[in-house]
file coords-v5.txt (compact mmCIF, C-alpha atoms)
# COMPACT_ATOMS: atom_id res chain seq x y z
CA MET A 1 -1.07 -16.29 -21.58
CA ASN A 2 1.75 -18.83 -21.45
CA ILE A 3 3.17 -20.00 -18.14
CA GLY A 4 6.43 -18.04 -18.49
CA LYS A 5 4.64 -14.70 -18.40
CA VAL A 6 2.31 -15.89 -15.65
CA VAL A 7 5.23 -16.84 -13.41
CA ARG A 8 7.08 -13.57 -14.05
CA LEU A 9 3.99 -11.40 -13.63
CA GLU A 10 3.50 -12.87 -10.16
CA ARG A 11 6.92 -11.48 -9.27
CA ILE A 12 5.78 -7.93 -10.00
CA MET A 13 2.08 -8.16 -9.04
CA ASN A 14 0.34 -9.42 -5.94
CA ARG A 15 -0.97 -12.84 -6.97
CA ASN A 16 -4.00 -12.54 -4.68
CA THR A 17 -5.18 -8.99 -5.38
CA ARG A 18 -3.90 -8.90 -8.98
CA ARG A 19 -2.73 -5.37 -8.25
CA THR A 20 0.70 -3.85 -7.99
CA ILE A 21 2.79 -1.10 -6.42
CA ILE A 22 5.68 -0.29 -8.75
CA VAL A 23 8.32 2.31 -7.91
CA PRO A 24 10.16 3.64 -10.97
CA MET A 25 13.71 4.77 -10.18
CA ASP A 26 14.89 5.31 -13.75
CA HIS A 27 15.04 9.11 -13.35
CA GLY A 28 18.84 9.25 -13.23
CA VAL A 29 19.18 9.24 -17.02
CA SER A 30 16.68 12.04 -17.54
CA SER A 31 17.38 14.18 -14.47
CA GLY A 32 20.63 13.02 -12.86
CA PRO A 33 21.13 11.90 -9.22
CA ILE A 34 18.03 13.59 -7.81
CA GLU A 35 16.99 13.53 -4.18
CA GLY A 36 15.70 10.16 -3.04
CA ILE A 37 17.67 8.02 -5.49
CA LYS A 38 21.22 9.33 -5.10
CA ASP A 39 22.06 6.01 -3.41
CA ILE A 40 20.00 3.57 -5.44
CA LYS A 41 20.58 0.61 -3.09
CA VAL A 42 19.25 2.55 -0.10
CA ALA A 43 16.27 3.73 -2.15
CA VAL A 44 15.38 0.22 -3.32
CA ASP A 45 15.77 -1.25 0.16
CA LYS A 46 13.40 1.35 1.66
CA VAL A 47 10.53 0.66 -0.74
CA ALA A 48 11.13 -3.10 -0.60
CA GLU A 49 10.78 -3.03 3.18
CA GLY A 50 7.57 -1.07 2.75
CA GLY A 51 6.10 -3.83 0.60
CA ALA A 52 6.44 -2.51 -2.96
CA ASN A 53 5.96 -5.20 -5.59
CA ALA A 54 8.62 -4.00 -8.03
CA VAL A 55 11.07 -1.27 -8.95
CA VAL A 56 12.02 0.04 -12.40
CA LEU A 57 15.76 0.47 -13.00
CA HIS A 58 18.02 1.13 -15.95
CA LYS A 59 20.44 -1.69 -16.72
CA GLY A 60 23.49 -0.06 -15.15
CA MET A 61 21.74 0.33 -11.79
CA VAL A 62 20.70 -3.30 -11.41
CA ARG A 63 23.99 -4.43 -9.90
CA ALA A 64 24.22 -1.28 -7.78
CA GLY A 65 20.70 -1.34 -6.43
CA HIS A 66 18.82 -4.59 -6.72
CA ARG A 67 20.90 -7.30 -5.08
CA GLY A 68 23.28 -7.70 -2.16
CA GLY A 69 20.99 -7.99 0.87
CA GLY A 70 17.64 -6.60 1.89
CA LYS A 71 14.13 -7.79 1.17
CA ASP A 72 13.54 -9.17 -2.32
CA ILE A 73 11.51 -7.13 -4.76
CA GLY A 74 10.50 -7.55 -8.40
CA LEU A 75 12.85 -6.12 -11.04
CA ILE A 76 11.65 -4.28 -14.14
CA VAL A 77 14.45 -3.17 -16.47
CA HIS A 78 13.66 0.02 -18.38
CA LEU A 79 14.57 -0.04 -22.08
CA SER A 80 13.90 3.61 -23.07
CA ALA A 81 15.75 6.85 -22.41
CA SER A 82 16.10 10.55 -23.09
CA THR A 83 17.47 13.45 -21.03
CA ASP A 84 15.91 16.67 -19.76
CA LEU A 85 18.86 18.51 -21.33
CA SER A 86 17.70 17.66 -24.83
CA PRO A 87 15.33 19.95 -26.76
CA SER A 88 13.62 16.74 -27.90
CA LYS A 89 13.34 15.10 -24.47
CA ASN A 90 9.95 13.64 -25.43
CA ASP A 91 11.65 11.49 -28.07
CA LYS A 92 12.65 8.24 -26.40
CA VAL A 93 15.17 5.79 -27.86
CA LEU A 94 15.94 2.20 -26.92
CA VAL A 95 19.06 1.78 -24.78
CA CYS A 96 18.60 -1.86 -23.74
CA SER A 97 17.11 -5.03 -25.21
CA VAL A 98 14.87 -7.77 -23.86
CA GLU A 99 17.77 -10.20 -24.12
CA GLU A 100 20.03 -7.94 -22.02
CA ALA A 101 17.28 -7.64 -19.42
CA ILE A 102 16.95 -11.43 -19.26
CA ARG A 103 20.69 -11.73 -18.61
CA LEU A 104 20.32 -9.17 -15.81
CA GLY A 105 17.66 -11.31 -14.12
CA ALA A 106 14.69 -9.08 -14.93
CA ASP A 107 11.15 -10.14 -14.06
CA ALA A 108 9.76 -7.72 -16.65
CA VAL A 109 10.81 -4.89 -18.96
CA SER A 110 9.34 -1.45 -19.59
CA ILE A 111 9.30 1.02 -22.44
CA HIS A 112 8.26 4.67 -22.67
CA VAL A 113 6.22 6.04 -25.58
CA ASN A 114 5.11 9.67 -25.94
CA ILE A 115 2.14 9.92 -28.27
CA GLY A 116 2.18 13.12 -30.31
CA ALA A 117 5.94 13.63 -30.03
CA ASP A 118 8.06 14.26 -33.12
CA MET A 119 9.41 10.69 -33.04
CA GLU A 120 6.07 9.05 -32.30
CA ARG A 121 6.35 6.68 -35.27
CA ASP A 122 9.81 5.53 -34.18
CA MET A 123 8.64 4.90 -30.63
CA LEU A 124 5.61 2.97 -31.88
CA ARG A 125 7.86 0.90 -34.15
CA ASP A 126 10.13 0.16 -31.19
CA PHE A 127 7.06 -0.77 -29.14
CA GLY A 128 6.16 -3.37 -31.75
CA ILE A 129 9.70 -4.77 -31.88
CA ILE A 130 9.94 -5.05 -28.08
CA SER A 131 6.45 -6.53 -27.82
CA ARG A 132 7.40 -9.26 -30.28
CA ALA A 133 10.60 -10.05 -28.38
CA CYS A 134 8.70 -10.15 -25.09
CA GLU A 135 6.28 -12.66 -26.52
CA GLU A 136 9.14 -14.80 -27.79
CA TRP A 137 10.89 -14.80 -24.41
CA GLN A 138 7.69 -14.76 -22.32
CA MET A 139 8.80 -11.54 -20.64
CA PRO A 140 6.08 -9.25 -19.24
CA LEU A 141 6.00 -5.78 -20.79
CA LEU A 142 5.05 -2.59 -18.97
CA ALA A 143 4.31 0.22 -21.43
CA MET A 144 4.47 3.79 -20.13
CA VAL A 145 2.33 5.73 -22.60
CA TYR A 146 1.75 9.48 -22.35
CA GLY A 147 0.24 12.14 -24.58
CA ARG A 148 3.09 14.61 -24.99
CA GLY A 149 3.56 16.63 -28.12
CA PRO A 150 2.91 19.98 -29.80
CA LYS A 151 -0.68 19.11 -30.73
CA ILE A 152 -1.65 17.82 -27.27
CA GLU A 153 -2.82 20.66 -25.04
CA ASN A 154 -3.48 18.56 -21.95
CA GLN A 155 -1.97 15.13 -21.35
CA TYR A 156 -4.49 14.60 -18.51
CA ASP A 157 -7.48 14.98 -20.82
CA PRO A 158 -9.57 11.81 -20.19
CA LYS A 159 -9.84 11.05 -23.91
CA VAL A 160 -6.06 11.38 -24.34
CA VAL A 161 -5.44 9.17 -21.30
CA ALA A 162 -7.90 6.54 -22.53
CA HIS A 163 -6.28 6.62 -25.98
CA CYS A 164 -2.85 6.05 -24.41
CA ALA A 165 -4.13 3.11 -22.37
CA ARG A 166 -5.72 1.55 -25.43
CA ILE A 167 -2.50 1.93 -27.43
CA GLY A 168 -0.67 -0.06 -24.76
CA ALA A 169 -3.19 -2.87 -25.02
CA GLU A 170 -3.38 -2.79 -28.82
CA LEU A 171 0.39 -3.10 -29.28
CA GLY A 172 0.91 -6.01 -26.92
CA ALA A 173 1.81 -4.69 -23.47
CA ASP A 174 0.85 -6.72 -20.41
CA ILE A 175 0.45 -3.64 -18.18
CA VAL A 176 0.01 -0.05 -19.29
CA LYS A 177 0.95 3.04 -17.27
CA VAL A 178 -0.82 6.33 -17.96
CA PRO A 179 -1.36 9.67 -16.18
CA TYR A 180 -4.34 9.95 -13.83
CA SER A 181 -7.03 12.11 -15.41
CA GLY A 182 -8.03 13.69 -12.11
CA ASP A 183 -11.15 11.87 -10.92
CA PRO A 184 -12.55 8.32 -10.88
CA GLU A 185 -15.40 9.04 -13.27
CA SER A 186 -13.18 10.27 -16.10
CA PHE A 187 -10.45 7.69 -15.44
CA ARG A 188 -12.94 4.87 -16.06
CA LEU A 189 -12.66 5.76 -19.75
CA ALA A 190 -9.13 4.37 -19.58
CA THR A 191 -9.76 1.29 -17.46
CA GLU A 192 -12.94 0.25 -19.25
CA GLY A 193 -11.32 0.71 -22.65
CA SER A 194 -8.28 -1.43 -21.85
CA PRO A 195 -8.36 -5.24 -21.62
CA ILE A 196 -5.02 -5.23 -19.76
CA PRO A 197 -4.21 -3.87 -16.27
CA VAL A 198 -3.90 -0.08 -16.10
CA VAL A 199 -1.67 1.60 -13.50
CA ILE A 200 -1.29 5.29 -12.80
CA ALA A 201 1.78 7.49 -13.00
CA GLY A 202 2.57 9.81 -10.12
CA GLY A 203 3.84 12.82 -12.02
CA PRO A 204 5.69 15.68 -10.28
CA LYS A 205 6.06 15.79 -6.49
CA MET A 206 2.64 16.68 -5.05
CA LYS A 207 1.94 19.21 -2.29
CA SER A 208 0.79 16.74 0.34
CA GLU A 209 0.66 13.05 1.13
CA ARG A 210 -3.12 13.30 1.30
CA ASP A 211 -3.18 14.50 -2.30
CA VAL A 212 -1.13 11.47 -3.38
CA LEU A 213 -3.28 9.01 -1.47
CA GLU A 214 -6.51 10.54 -2.77
CA MET A 215 -5.20 10.11 -6.30
CA VAL A 216 -4.37 6.45 -5.62
CA HIS A 217 -7.75 5.83 -4.00
CA GLY A 218 -9.58 7.46 -6.90
CA ALA A 219 -7.70 5.38 -9.44
CA ILE A 220 -8.46 2.13 -7.62
CA ARG A 221 -12.15 3.11 -7.43
CA ALA A 222 -12.05 3.61 -11.19
CA GLY A 223 -10.72 0.12 -11.82
CA ALA A 224 -6.97 0.70 -11.90
CA SER A 225 -4.74 -2.25 -11.08
CA GLY A 226 -2.34 -0.22 -9.00
CA LEU A 227 0.30 2.40 -9.48
CA SER A 228 3.74 3.15 -10.83
CA ILE A 229 4.80 6.18 -8.81
CA GLY A 230 8.34 7.49 -8.38
CA ARG A 231 8.97 10.92 -6.81
CA ASN A 232 5.88 10.83 -4.61
CA ILE A 233 7.29 7.68 -3.02
CA PHE A 234 11.08 7.90 -3.04
CA GLN A 235 11.06 11.61 -2.13
CA ALA A 236 8.52 11.11 0.68
CA LYS A 237 9.64 11.71 4.27
CA ASP A 238 9.56 7.95 4.85
CA PRO A 239 9.38 6.06 1.53
CA GLY A 240 8.79 2.69 3.17
CA LEU A 241 5.92 4.01 5.24
CA MET A 242 4.46 5.73 2.18
CA VAL A 243 4.44 2.40 0.36
CA ARG A 244 2.69 0.77 3.32
CA ALA A 245 0.04 3.50 3.26
CA MET A 246 -0.49 2.97 -0.47
CA ALA A 247 -0.68 -0.80 0.04
CA LYS A 248 -3.52 -0.22 2.50
CA ILE A 249 -5.52 1.22 -0.40
CA VAL A 250 -4.21 -0.86 -3.31
CA HIS A 251 -4.06 -4.32 -1.77
CA GLU A 252 -6.44 -4.07 1.20
CA GLY A 253 -9.16 -1.80 -0.18
CA GLY A 254 -8.64 0.72 2.61
CA SER A 255 -9.69 4.35 2.73
CA VAL A 256 -7.56 7.47 2.48
CA GLU A 257 -8.05 8.07 6.21
CA GLU A 258 -6.87 4.56 7.05
CA ALA A 259 -3.80 5.11 4.87
CA LEU A 260 -3.08 8.43 6.58
CA GLU A 261 -3.24 6.70 9.95
CA ILE A 262 -0.32 4.54 8.84
CA LEU A 263 1.60 7.76 8.19
CA GLY A 264 0.71 8.93 11.68
CA GLN A 265 -1.64 11.67 10.57
CA THR A 266 -5.35 12.21 10.16
CA GLN A 267 -5.00 15.25 7.95
CA THR A 268 -2.23 17.01 6.10

call {"tool": "encode", "arguments": {"input": "coords-v5.txt", "output": "structure tokens"}}
result
Amino acid sequence: MNIGKVVRLERIMNRNTRRTIIVPMDHGVSSGPIEGIKDIKVAVDKVAEGGANAVVLHKGMVRAGHRGGGKDIGLIVHLSASTDLSPSKNDKVLVCSVEEAIRLGADAVSIHVNIGADMERDMLRDFGIISRACEEWQMPLLAMVYGRGPKIENQYDPKVVAHCARIGAELGADIVKVPYSGDPESFRLATEGSPIPVVIAGGPKMKSERDVLEMVHGAIRAGASGLSIGRNIFQAKDPGLMVRAMAKIVHEGGSVEEALEILGQTQT
């Protein structure tokens, strides 16, 4: 890997642990101003204070949410979009370029690909185009790859998850984000089959903070390089504290109970 990518990757990953806590806040395009990210600057500041390594924002939110005071945090500009109002919401299109992201001061870019969707071939083509541009500009690429389509019965199936992780590696991503398959044993299919760092998605808001932390702990046990979790962080009672609890597991190798102690609870 050339020095440009190395330098930029250290802005979105902990250089000592080689792991990362990423908080995607790109939900406004798909779902509107949902709870937790209505004021994007406040949301970014909270997770930055908690010790998150990076946030994911769409290009229009960079000026509104990433600068102008507060603790610094890595910036990943998201290049893909669709809305929940569309009947083909699984079909992502490019709405930003690597060059635009560079001008915005991005430390990395991200794309979203849904394997099995109607426009799978278009999203894979775009993946290749963006991967080539990232190599040219030495810009790290986070690929969010999910199994979502009419022929996929369960996107959390370990074989589907492992396939998604491998696609990210095969097509030139530097980090790949996939759903957690549910337990460390099955998730090892994904981490062992990918030569690049694998991080887990958070999915819908979970019932309890313990559930979230157990998922994170299981993923780390299975060889994950961290997480890219949105709602289960920015919709938490205290997003900054939730990030600190996750950091106890991700960067310090702590237990779920030790993480819960940071949240001021021993069970939930």

call {"tool": "closest_residue", "arguments": {"input": "coords-v5.txt", "among": "A:Glu136, A:Asp26, A:Glu192, A:Glu214", "to": "Ala162 in chain A", "atoms": "all atoms listed in the file"}}
result
A:Glu192

call {"tool": "residues_near_point", "arguments": {"input": "coords-v5.txt", "point": "(12.7, 9.2, -4.7)", "cutoff": "9 Å", "atoms": "all atoms listed in the file", "output": "list of chain:residue names"}}
result
A:Val23, A:Pro24, A:Met25, A:His27, A:Ile34, A:Glu35, A:Gly36, A:Ile37, A:Lys38, A:Ala43, A:Gly230, A:Arg231, A:Asn232, A:Ile233, A:Phe234, A:Gln235, A:Ala236, A:Pro239

call {"tool": "atom_distance", "arguments": {"input": "coords-v5.txt", "atom1": "CA of Ala133 in chain A", "atom2": "CA of Val98 in chain A"}}
result
6.6 Å

call {"tool": "closest_residue", "arguments": {"input": "coords-v5.txt", "among": "A:Ser186, A:Ser30, A:Ser110, A:Asn154", "to": "Gly168 in chain A", "atoms": "only C-alpha atoms"}}
result
A:Ser110

call {"tool": "atom_distance", "arguments": {"input": "coords-v5.txt", "atom1": "CA of Gly32 in chain A", "atom2": "CA of Gly65 in chain A"}}
result
15.7 Å

call {"tool": "residues_near_point", "arguments": {"input": "coords-v5.txt", "point": "(13.5, 0.5, 1.8)", "cutoff": "10 Å", "atoms": "all atoms listed in the file", "output": "list of chain:residue names"}}
result
A:Lys41, A:Val42, A:Ala43, A:Val44, A:Asp45, A:Lys46, A:Val47, A:Ala48, A:Glu49, A:Gly50, A:Gly51, A:Ala52, A:Gly70, A:Lys71, A:Phe234, A:Asp238, A:Pro239, A:Gly240, A:Leu241, A:Val243

call {"tool": "closest_residue", "arguments": {"input": "coords-v5.txt", "among": "A:Val62, A:Val145, A:Ala173, A:Ile152", "to": "Gly116 in chain A", "atoms": "all atoms listed in the file"}}
result
A:Ile152

call {"tool": "closest_residue", "arguments": {"input": "coords-v5.txt", "among": "A:Cys164, A:Ile175, A:Ala101, A:Ala169", "to": "Val198 in chain A", "atoms": "all atoms listed in the file"}}
result
A:Ile175

call {"tool": "atom_distance", "arguments": {"input": "coords-v5.txt", "atom1": "CA of Ile249 in chain A", "atom2": "CA of Pro184 in chain A"}}
result
14.5 Å

call {"tool": "residues_around", "arguments": {"input": "coords-v5.txt", "residues": "His112 in chain A", "least_positions_apart": "2", "cutoff": "10 Å", "atoms": "all atoms listed in the file", "output": "number ranges by chain"}}
result
A: 78-82, 90-94, 110, 114-115, 123-124, 126-127, 142-146, 177

call {"tool": "closest_residue", "arguments": {"input": "coords-v5.txt", "among": "A:Glu100, A:Glu261, A:Glu209, A:Glu120", "to": "Met139 in chain A", "atoms": "all atoms listed in the file"}}
result
A:Glu100

call {"tool": "residues_around", "arguments": {"input": "coords-v5.txt", "residues": "Gly223 in chain A", "least_positions_apart": "6", "cutoff": "12 Å", "atoms": "all atoms listed in the file", "output": "PDB file with C-alpha atoms, keeping the file's coordinate frame"}}
result
ATOM      1  CA  ARG A  18      -3.900  -8.900  -8.980  1.00  0.00           C
ATOM      2  CA  ARG A  19      -2.730  -5.370  -8.250  1.00  0.00           C
ATOM      3  CA  TYR A 180      -4.340   9.950 -13.830  1.00  0.00           C
ATOM      4  CA  ASP A 183     -11.150  11.870 -10.920  1.00  0.00           C
ATOM      5  CA  PRO A 184     -12.550   8.320 -10.880  1.00  0.00           C
ATOM      6  CA  GLU A 185     -15.400   9.040 -13.270  1.00  0.00           C
ATOM      7  CA  SER A 186     -13.180  10.270 -16.100  1.00  0.00           C
ATOM      8  CA  PHE A 187     -10.450   7.690 -15.440  1.00  0.00           C
ATOM      9  CA  ARG A 188     -12.940   4.870 -16.060  1.00  0.00           C
ATOM     10  CA  LEU A 189     -12.660   5.760 -19.750  1.00  0.00           C
ATOM     11  CA  ALA A 190      -9.130   4.370 -19.580  1.00  0.00           C
ATOM     12  CA  THR A 191      -9.760   1.290 -17.460  1.00  0.00           C
ATOM     13  CA  GLU A 192     -12.940   0.250 -19.250  1.00  0.00           C
ATOM     14  CA  GLY A 193     -11.320   0.710 -22.650  1.00  0.00           C
ATOM     15  CA  SER A 194      -8.280  -1.430 -21.850  1.00  0.00           C
ATOM     16  CA  PRO A 195      -8.360  -5.240 -21.620  1.00  0.00           C
ATOM     17  CA  ILE A 196      -5.020  -5.230 -19.760  1.00  0.00           C
ATOM     18  CA  PRO A 197      -4.210  -3.870 -16.270  1.00  0.00           C
ATOM     19  CA  VAL A 198      -3.900  -0.080 -16.100  1.00  0.00           C
ATOM     20  CA  VAL A 199      -1.670   1.600 -13.500  1.00  0.00           C
ATOM     21  CA  ILE A 200      -1.290   5.290 -12.800  1.00  0.00           C
ATOM     22  CA  VAL A 216      -4.370   6.450  -5.620  1.00  0.00           C
ATOM     23  CA  HIS A 217      -7.750   5.830  -4.000  1.00  0.00           C
ATOM     24  CA  VAL A 250      -4.210  -0.860  -3.310  1.00  0.00           C
ATOM     25  CA  GLY A 253      -9.160  -1.800  -0.180  1.00  0.00           C
TER      26      GLY A 253
END

call {"tool": "residues_around", "arguments": {"input": "coords-v5.txt", "residues": "Ala201 in chain A", "least_positions_apart": "4", "cutoff": "8 Å", "atoms": "only C-alpha atoms", "output": "list in words"}}
result
Lys177, Val178, Pro179, Tyr180, Leu227, Ser228 and Ile229 of chain A

call {"tool": "closest_atom_pairs", "arguments": {"input": "coords-v5.txt", "of": "range 124-243 of chain A", "to": "range 11-14 of chain A", "cutoff": "10 Å", "atoms": "all atoms listed in the file", "output": "tab-separated table"}}
result
residue	atom	partner	partner_atom	distance
A:Pro140	CA	A:Ile12	CA	9.3
A:Ser225	CA	A:Met13	CA	9.3
A:Gly226	CA	A:Met13	CA	9.1

call {"tool": "closest_residue", "arguments": {"input": "coords-v5.txt", "among": "A:Gln138, A:Thr83, A:Ser181, A:Ser208", "to": "Pro158 in chain A", "atoms": "all atoms listed in the file"}}
result
A:Ser181

call {"tool": "decode", "arguments": {"input": "coords-v5.txt", "residues": "range 177-199 of chain A", "atoms": "N, CA and C atoms", "output": "PDB file, in the first residue's frame"}}
result
ATOM      1  N   LYS A 177     -17.605  -3.454   5.056  1.00  0.00           N
ATOM      2  CA  LYS A 177     -18.630  -3.467   6.107  1.00  0.00           C
ATOM      3  C   LYS A 177     -19.727  -4.447   5.711  1.00  0.00           C
ATOM      4  N   VAL A 178     -20.048  -5.367   6.613  1.00  0.00           N
ATOM      5  CA  VAL A 178     -21.073  -6.372   6.346  1.00  0.00           C
ATOM      6  C   VAL A 178     -21.931  -6.559   7.592  1.00  0.00           C
ATOM      7  N   PRO A 179     -23.120  -7.162   7.446  1.00  0.00           N
ATOM      8  CA  PRO A 179     -23.942  -7.463   8.630  1.00  0.00           C
ATOM      9  C   PRO A 179     -23.249  -8.507   9.504  1.00  0.00           C
ATOM     10  N   TYR A 180     -23.569  -8.492  10.790  1.00  0.00           N
ATOM     11  CA  TYR A 180     -23.064  -9.517  11.704  1.00  0.00           C
ATOM     12  C   TYR A 180     -23.964 -10.732  11.585  1.00  0.00           C
ATOM     13  N   SER A 181     -23.372 -11.897  11.442  1.00  0.00           N
ATOM     14  CA  SER A 181     -24.133 -13.123  11.196  1.00  0.00           C
ATOM     15  C   SER A 181     -24.785 -13.705  12.448  1.00  0.00           C
ATOM     16  N   GLY A 182     -24.463 -13.158  13.618  1.00  0.00           N
ATOM     17  CA  GLY A 182     -25.165 -13.572  14.822  1.00  0.00           C
ATOM     18  C   GLY A 182     -24.331 -14.214  15.900  1.00  0.00           C
ATOM     19  N   ASP A 183     -23.169 -14.767  15.550  1.00  0.00           N
ATOM     20  CA  ASP A 183     -22.302 -15.387  16.551  1.00  0.00           C
ATOM     21  C   ASP A 183     -20.876 -15.420  16.021  1.00  0.00           C
ATOM     22  N   PRO A 184     -19.890 -15.475  16.931  1.00  0.00           N
ATOM     23  CA  PRO A 184     -18.486 -15.425  16.500  1.00  0.00           C
ATOM     24  C   PRO A 184     -18.088 -16.572  15.575  1.00  0.00           C
ATOM     25  N   GLU A 185     -18.595 -17.757  15.858  1.00  0.00           N
ATOM     26  CA  GLU A 185     -18.188 -18.916  15.067  1.00  0.00           C
ATOM     27  C   GLU A 185     -18.556 -18.753  13.599  1.00  0.00           C
ATOM     28  N   SER A 186     -19.788 -18.341  13.327  1.00  0.00           N
ATOM     29  CA  SER A 186     -20.212 -18.196  11.936  1.00  0.00           C
ATOM     30  C   SER A 186     -19.593 -16.963  11.283  1.00  0.00           C
ATOM     31  N   PHE A 187     -19.329 -15.909  12.085  1.00  0.00           N
ATOM     32  CA  PHE A 187     -18.783 -14.688  11.497  1.00  0.00           C
ATOM     33  C   PHE A 187     -17.328 -14.872  11.068  1.00  0.00           C
ATOM     34  N   ARG A 188     -16.657 -15.869  11.620  1.00  0.00           N
ATOM     35  CA  ARG A 188     -15.271 -16.140  11.205  1.00  0.00           C
ATOM     36  C   ARG A 188     -15.190 -16.510   9.731  1.00  0.00           C
ATOM     37  N   LEU A 189     -16.277 -17.005   9.164  1.00  0.00           N
ATOM     38  CA  LEU A 189     -16.296 -17.275   7.723  1.00  0.00           C
ATOM     39  C   LEU A 189     -15.985 -16.003   6.942  1.00  0.00           C
ATOM     40  N   ALA A 190     -16.499 -14.887   7.434  1.00  0.00           N
ATOM     41  CA  ALA A 190     -16.280 -13.609   6.759  1.00  0.00           C
ATOM     42  C   ALA A 190     -14.883 -13.069   6.999  1.00  0.00           C
ATOM     43  N   THR A 191     -14.431 -13.077   8.250  1.00  0.00           N
ATOM     44  CA  THR A 191     -13.120 -12.492   8.555  1.00  0.00           C
ATOM     45  C   THR A 191     -11.971 -13.335   7.998  1.00  0.00           C
ATOM     46  N   GLU A 192     -12.119 -14.652   8.057  1.00  0.00           N
ATOM     47  CA  GLU A 192     -11.052 -15.517   7.559  1.00  0.00           C
ATOM     48  C   GLU A 192     -11.009 -15.552   6.038  1.00  0.00           C
ATOM     49  N   GLY A 193     -12.114 -15.219   5.394  1.00  0.00           N
ATOM     50  CA  GLY A 193     -12.154 -15.227   3.934  1.00  0.00           C
ATOM     51  C   GLY A 193     -11.862 -13.883   3.301  1.00  0.00           C
ATOM     52  N   SER A 194     -11.515 -12.890   4.133  1.00  0.00           N
ATOM     53  CA  SER A 194     -11.239 -11.553   3.608  1.00  0.00           C
ATOM     54  C   SER A 194      -9.842 -11.103   4.005  1.00  0.00           C
ATOM     55  N   PRO A 195      -8.999 -10.740   3.036  1.00  0.00           N
ATOM     56  CA  PRO A 195      -7.655 -10.264   3.357  1.00  0.00           C
ATOM     57  C   PRO A 195      -7.614  -8.792   3.787  1.00  0.00           C
ATOM     58  N   ILE A 196      -8.765  -8.130   3.793  1.00  0.00           N
ATOM     59  CA  ILE A 196      -8.832  -6.733   4.236  1.00  0.00           C
ATOM     60  C   ILE A 196      -9.647  -6.654   5.524  1.00  0.00           C
ATOM     61  N   PRO A 197      -9.529  -5.564   6.288  1.00  0.00           N
ATOM     62  CA  PRO A 197     -10.298  -5.442   7.531  1.00  0.00           C
ATOM     63  C   PRO A 197     -11.811  -5.510   7.282  1.00  0.00           C
ATOM     64  N   VAL A 198     -12.477  -6.267   8.149  1.00  0.00           N
ATOM     65  CA  VAL A 198     -13.932  -6.403   8.106  1.00  0.00           C
ATOM     66  C   VAL A 198     -14.522  -5.712   9.326  1.00  0.00           C
ATOM     67  N   VAL A 199     -15.516  -4.840   9.116  1.00  0.00           N
ATOM     68  CA  VAL A 199     -16.236  -4.202  10.214  1.00  0.00           C
ATOM     69  C   VAL A 199     -17.709  -4.560  10.112  1.00  0.00           C
TER      70      VAL A 199
END
